[in-house]
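Accompanying notes for the structure given below.
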Amino acid sequence: MNKLYVGNLAWAASEDKLKELFSQYGKVHSASIITDRETGRSRGYGFVEMDNAEEALGALNGQDFEGRPLKISEATGRKERK
């Protein structure tokens, strides 16, 4: 199982639609869209955990999703805060 970073999401994108999109390329274990703590509004990016992530990365990076081209890469660990 791999974790992908999914950027440039439309404000109206939902976790269900994101999961549906990626499920075409393998089993999706989770899909989450990061939201602002204060407003609850999408921050325009999220993460997808799935099997066969390499195929999804190759097929969906740059593809249009709800009017915006997706920017997908392998997720990296959080940077340490000082």
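Here's how to read the names in the structure tokens: chain A, B, ... by the order shown, residue numbers from 1 in each chain, ligand numbers from 1 in the order shown.
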Give me, as number ranges by chain, the residues of stretch 1-37 of chain A that a backbone DSSP run labels strand (DSSP E). A: 2-7, 28-35
Go ahead and save the picked residues with C-alpha atoms, as a compact mmCIF listing (two decimals), in the first residue's frame.
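Saved to part_39.txt:
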# COMPACT_ATOMS: atom_id res chain seq x y z
CA ASN A 2 1.31 3.43 -0.96
CA LYS A 3 0.25 6.95 -0.06
CA LEU A 4 -0.13 9.57 -2.79
CA TYR A 5 -0.24 13.34 -2.45
CA VAL A 6 -2.98 14.82 -4.66
CA GLY A 7 -2.71 18.56 -5.28
CA VAL A 28 -8.37 2.47 -2.36
CA HIS A 29 -7.91 2.14 1.39
CA SER A 30 -8.53 5.80 2.20
CA ALA A 31 -9.00 9.17 0.53
CA SER A 32 -8.87 12.40 2.49
CA ILE A 33 -9.02 16.07 1.59
CA ILE A 34 -7.25 18.43 3.97
CA THR A 35 -9.41 21.26 5.29
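The shortest atom-to-atom distance to A:Ala75, with only C-alpha atoms taken into account, belongs to A:Met50 out of A:Glu55, A:Leu60, A:Thr39, A:Met50.
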For A:Glu74, the closest of A:Glu15, A:Leu9, A:Glu54, A:Ala59 counting only C-alpha atoms is A:Glu54
Hey, what's within 9 Å of A:Gly26 if we count only C-alpha atoms and toss same-chain stuff fewer than 4 positions away? As a list in words, please? Phe22, Met50, Asp51, Asn52, Ala53, Glu55 and Ala56 of chain A
Would you put the residues from that selection into a file with C-alpha atoms, as a short mmCIF file (atom, residue, chain, number, x, y, z; two decimals), in the first residue's frame?
data_model
loop_
_atom_site.label_atom_id
_atom_site.label_comp_id
_atom_site.auth_asym_id
_atom_site.auth_seq_id
_atom_site.Cartn_x
_atom_site.Cartn_y
_atom_site.Cartn_z
CA PHE A 22 -8.58 6.42 -7.95
CA MET A 50 -4.14 2.56 -2.24
CA ASP A 51 -2.73 -0.59 -3.79
CA ASN A 52 -1.17 -0.17 -7.25
CA ALA A 53 -0.37 3.51 -6.64
CA GLU A 55 -0.32 2.93 -12.10
CA ALA A 56 -2.68 5.60 -10.72
#
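Closest to A:Leu70 among A:Glu20, A:Tyr45, A:Arg37, A:Trp11 is A:Tyr45, based on only C-alpha atoms.
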So how many Å separate atom CA of A:Asn8 and atom CA of A:Ser73, to one decimal? 11.7 Å
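With only C-alpha atoms as the atoms that count, the residue of A:Val48, A:Gln63, A:Ala10, A:Ser42 with the shortest distance to A:Ser23 is A:Val48.
What separates atom CA of A:Gly58 from atom CA of A:Ile72 is a distance of 8.8 Å.
Straight-line separation from atom CA of A:Lys27 to atom CA of A:Arg41: 27.3 Å.
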Proximity to A:Leu21 - best of A:Arg43, A:Phe65, A:Glu49, A:Lys79, only C-alpha atoms: A:Phe65
Check the DSSP output for the backbone and give back, as a VMD selection string, the residues of chain A in helix (DSSP H, G or I). chain A and resid 15 to 25 53 to 60
